[in-house]
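Novice: Mind having a look at this structure? Questions to follow.
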Amino acid sequence: MMHGIVIKNTGSWYTVKTDDGQLVDCKVKGTFRLKGIRSTNPVVIGDLVSILPGTDNTALIDSIDERKNYIVRKSINLSKQSHILAANLDQCFLIVTIAHPTTSTTFIDRFLATAEAYSVPVVIIFNKTDTYNDDDRELMEGMTTLYETVGYQCLSISALTGESMEKAKEMLEGKVTLLSGNSGVGKSTFINQIIPNLNLRTADISDAYDTGRHTTTFSEMYELPAPNSYIIDTPGIKGFGTIDMEREEVGHYFKEIFRFSADCRFNNCTHTHEPGCAVIAALNRHDISQSRYNSYLSILEDKTEDKYRKPF
């Protein structure tokens, strides 16, 4: 039996880097299923696993160590199942763009709420600053103020020109970092700045990842020059469906809503219509932003749909 970390997943094969530095191609043991997680992918990048060596330098993944955390989204094809992006993360860099393309605040907030639910710290990286006009910059500054006030670290960069990339590199040192964001926000350009000899293709995401397949799960972990530093690249994602949240829990994953909710009259307040709701009072005072509150409502609506959705 050997032990290691999953660094690559190509849909059917996993590459495991063993504790002594070998790279081994692995399959998942036929009977292997994780208890309690209805997931389309039982083994993910960042998992610490035990493997049974076979022939031809291949092996079977026999068991997974307990995860300290993971980040999950609703599976694209199977609404009742989850798709885990990666496990055992120190942080996530959510790469967003004000323009070319525009990242919606709903997407950002859904991602942040999910990361909050699974205890993954997030840094919001505003990329492509070299392309922004004055209006774009003003909007970016407003969003930076909003998210920093909520409690998220923000950094504005241009991966193309290298602006503020030294600061980004420092923030990656000694950590396992998941990179995520919509298609086209410049994740590959970012990685090429961090690891210049990697030469990742910066073509359109749908070209770089074979969209002819249904499993957009080609994620990979890359080792950085600094000790104990890794980044995990994931395919660009269009939407972010939340999963495994009860209606009454959703407010817990919006930091500012959770803070104000302590003063609500009712313990089970949904912050939508109840008398004595401290969250609505804070919204009316502009202590909670309308965009964040709208994102909160959009997740609540998801939960209502789930409740009444007929089984297949």
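Naming scheme: A, B, ... for chains in displayed order of the structure tokens; residues 1 onward per chain; ligands 1 onward as shown.
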Using only C-alpha atoms, which protein or nucleic acid residues come within 10 Å of Glu220 of chain A? Drop anything in the same chain fewer than 6 positions from it, and give the result as a list of chain:residue names.
Specialist: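 The residues satisfying every condition are A:Val6, A:Ile7, A:Lys8, A:Asn9, A:Thr10, A:Tyr14, A:Thr15, A:Val44, A:Ile45, A:Gly46, A:Ala86, A:Leu178, A:Ile231, A:Ile232, A:Asp233, A:Thr234, A:Pro235.
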Novice: Can you tell me, as number ranges by chain, what residues are no more than 10 Å from Glu223 of chain A when counting only C-alpha atoms, ignoring any on the same chain fewer than 3 positions away?
Specialist: A: 7, 176, 195, 226-232
Novice: Grab the residues selected above and save them as a short mmCIF file (atom, residue, chain, number, x, y, z; two decimals), in the first residue's frame with C-alpha atoms.
Specialist:
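Done, and the output landed in result.cif:
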data_model
loop_
_atom_site.label_atom_id
_atom_site.label_comp_id
_atom_site.auth_asym_id
_atom_site.auth_seq_id
_atom_site.Cartn_x
_atom_site.Cartn_y
_atom_site.Cartn_z
CA ILE A 7 -2.76 15.90 -8.76
CA VAL A 176 -2.73 24.93 -1.77
CA ILE A 195 4.83 29.18 -13.77
CA ALA A 226 8.05 28.08 -3.32
CA PRO A 227 7.99 25.14 -0.83
CA ASN A 228 4.60 23.52 -0.10
CA SER A 229 2.92 25.73 -2.71
CA TYR A 230 0.42 24.38 -5.24
CA ILE A 231 -2.25 25.79 -7.50
CA ILE A 232 -5.19 23.81 -8.80
#
Novice: Could you find all residues in segment 65-175 of chain A that DSSP calls strand (DSSP E) from the backbone, and write them as a list in words?
Specialist: Tyr70, Ile71, Val72, Arg73, Lys74, Ser82, His83, Ile84, Leu85, Ala86, Ala87, Gln91, Cys92, Phe93, Leu94, Ile95, Val96, Val122, Val123, Ile124, Ile125, Phe126, Gln153, Cys154, Leu155 and Ser156 of chain A
Novice: Which is closer to Asn41 of chain A than all the others in A:His83, A:Arg73, A:His271, A:Lys29, using only C-alpha atoms?
Specialist: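 Looking only at the distances to Asn41 of chain A, the closest residue turns out to be A:His83.
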Novice: To one decimal place in Å, what is the distance between atom CA of Phe107 of chain A and atom CA of Asn88 of chain A?
Specialist: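 Atom CA of Phe107 of chain A sits 22.7 Å away from atom CA of Asn88 of chain A.
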Novice: Leaving out Lys128 of chain A and any residue of its chain fewer than 3 positions from it, which residues lie within 7 Å of it when counting only C-alpha atoms, given as a CSV table (one decimal) with N, CA and C atoms, in the first residue's frame?
Specialist:
chain,number,residue,atom,x,y,z
A,97,THR,N,-13.7,39.4,-13.7
A,97,THR,CA,-13.4,40.5,-14.6
A,97,THR,C,-14.6,41.4,-14.7
A,131,THR,N,-7.3,46.5,-19.5
A,131,THR,CA,-8.4,46.7,-20.6
A,131,THR,C,-9.5,47.6,-20.1
A,157,ILE,N,-5.3,43.0,-10.6
A,157,ILE,CA,-4.1,42.6,-11.4
A,157,ILE,C,-4.4,42.7,-12.9
A,158,SER,N,-3.3,42.6,-13.6
A,158,SER,CA,-3.3,42.3,-15.0
A,158,SER,C,-2.4,41.1,-15.3
A,159,ALA,N,-2.9,39.9,-15.4
A,159,ALA,CA,-2.0,38.8,-15.7
A,159,ALA,C,-1.2,39.0,-17.0
Novice: Of the candidates A:Ser50, A:Ser289, A:Ser261, A:Thr58, which one gets nearest to Cys26 of chain A if we count only C-alpha atoms?
Specialist: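 Counting only C-alpha atoms, the residue closest to Cys26 of chain A is A:Thr58.
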Novice: If you count only C-alpha atoms, which residues fall within 10 Å of Pro275 of chain A, apart from same-chain ones fewer than 3 positions away, as a PyMOL selection string?
Specialist: chain A and resi 264-266+269+271-272+278+280
Novice: Those same residues, written as a tab-separated table (two decimals), in the first residue's frame with N, CA and C atoms?
Specialist:
chain	number	residue	atom	x	y	z
A	264	CYS	N	-32.38	39.45	14.82
A	264	CYS	CA	-33.75	39.24	14.31
A	264	CYS	C	-34.67	38.77	15.45
A	265	ARG	N	-35.93	39.12	15.35
A	265	ARG	CA	-36.89	38.74	16.40
A	265	ARG	C	-37.08	37.22	16.43
A	266	PHE	N	-37.11	36.61	15.24
A	266	PHE	CA	-37.36	35.16	15.18
A	266	PHE	C	-36.08	34.40	14.81
A	269	CYS	N	-35.89	33.24	11.12
A	269	CYS	CA	-36.20	34.33	10.18
A	269	CYS	C	-35.54	34.06	8.82
A	271	HIS	N	-35.46	36.45	6.56
A	271	HIS	CA	-35.03	37.79	6.14
A	271	HIS	C	-35.70	38.21	4.83
A	272	THR	N	-36.96	37.82	4.69
A	272	THR	CA	-37.69	38.20	3.48
A	272	THR	C	-38.94	39.04	3.80
A	278	ALA	N	-33.78	42.10	11.54
A	278	ALA	CA	-32.64	43.02	11.61
A	278	ALA	C	-31.90	43.11	10.28
A	280	ILE	N	-33.33	43.01	7.16
A	280	ILE	CA	-34.05	43.96	6.29
A	280	ILE	C	-33.81	45.39	6.78
Novice: So that I can check the secondary structure, give me every residue of segment 88-267 of chain A assigned helix (DSSP H, G or I) by backbone DSSP, as a ChimeraX atom specification.
Specialist: /A:105-117,129-131,134-150,165-172,187-194,196-198,205-208,247-253,255-261
Novice: Would you mind listing what lies within 6 Å of segment 124-127 of chain A as a PyMOL selection string, with only C-alpha atoms counted and same-chain residues fewer than 6 positions away left out?
Specialist: chain A and resi 93-97+154-158
Novice: Take the residues just selected and output them with N, CA and C atoms as a PDB file, in the first residue's frame.
Specialist:
ATOM      1  N   PHE A  93      -8.531  31.381  -5.074  1.00  0.00           N
ATOM      2  CA  PHE A  93      -8.491  32.645  -5.813  1.00  0.00           C
ATOM      3  C   PHE A  93      -9.658  32.613  -6.785  1.00  0.00           C
ATOM      4  N   LEU A  94     -10.656  33.448  -6.549  1.00  0.00           N
ATOM      5  CA  LEU A  94     -11.764  33.566  -7.496  1.00  0.00           C
ATOM      6  C   LEU A  94     -11.409  34.690  -8.462  1.00  0.00           C
ATOM      7  N   ILE A  95     -11.110  34.329  -9.700  1.00  0.00           N
ATOM      8  CA  ILE A  95     -10.693  35.323 -10.692  1.00  0.00           C
ATOM      9  C   ILE A  95     -11.921  35.847 -11.410  1.00  0.00           C
ATOM     10  N   VAL A  96     -12.095  37.168 -11.356  1.00  0.00           N
ATOM     11  CA  VAL A  96     -13.286  37.804 -11.934  1.00  0.00           C
ATOM     12  C   VAL A  96     -12.838  38.945 -12.842  1.00  0.00           C
ATOM     13  N   THR A  97     -13.729  39.368 -13.730  1.00  0.00           N
ATOM     14  CA  THR A  97     -13.432  40.495 -14.613  1.00  0.00           C
ATOM     15  C   THR A  97     -14.635  41.427 -14.655  1.00  0.00           C
ATOM     16  N   CYS A 154      -9.309  41.469  -1.510  1.00  0.00           N
ATOM     17  CA  CYS A 154      -9.400  41.684  -2.959  1.00  0.00           C
ATOM     18  C   CYS A 154      -8.048  42.150  -3.481  1.00  0.00           C
ATOM     19  N   LEU A 155      -7.757  41.786  -4.723  1.00  0.00           N
ATOM     20  CA  LEU A 155      -6.526  42.228  -5.379  1.00  0.00           C
ATOM     21  C   LEU A 155      -6.841  42.485  -6.841  1.00  0.00           C
ATOM     22  N   SER A 156      -6.396  43.626  -7.366  1.00  0.00           N
ATOM     23  CA  SER A 156      -6.600  43.900  -8.796  1.00  0.00           C
ATOM     24  C   SER A 156      -5.276  43.709  -9.527  1.00  0.00           C
ATOM     25  N   ILE A 157      -5.339  42.988 -10.649  1.00  0.00           N
ATOM     26  CA  ILE A 157      -4.126  42.613 -11.379  1.00  0.00           C
ATOM     27  C   ILE A 157      -4.363  42.688 -12.890  1.00  0.00           C
ATOM     28  N   SER A 158      -3.265  42.640 -13.629  1.00  0.00           N
ATOM     29  CA  SER A 158      -3.332  42.287 -15.046  1.00  0.00           C
ATOM     30  C   SER A 158      -2.351  41.148 -15.253  1.00  0.00           C
TER      31      SER A 158
END
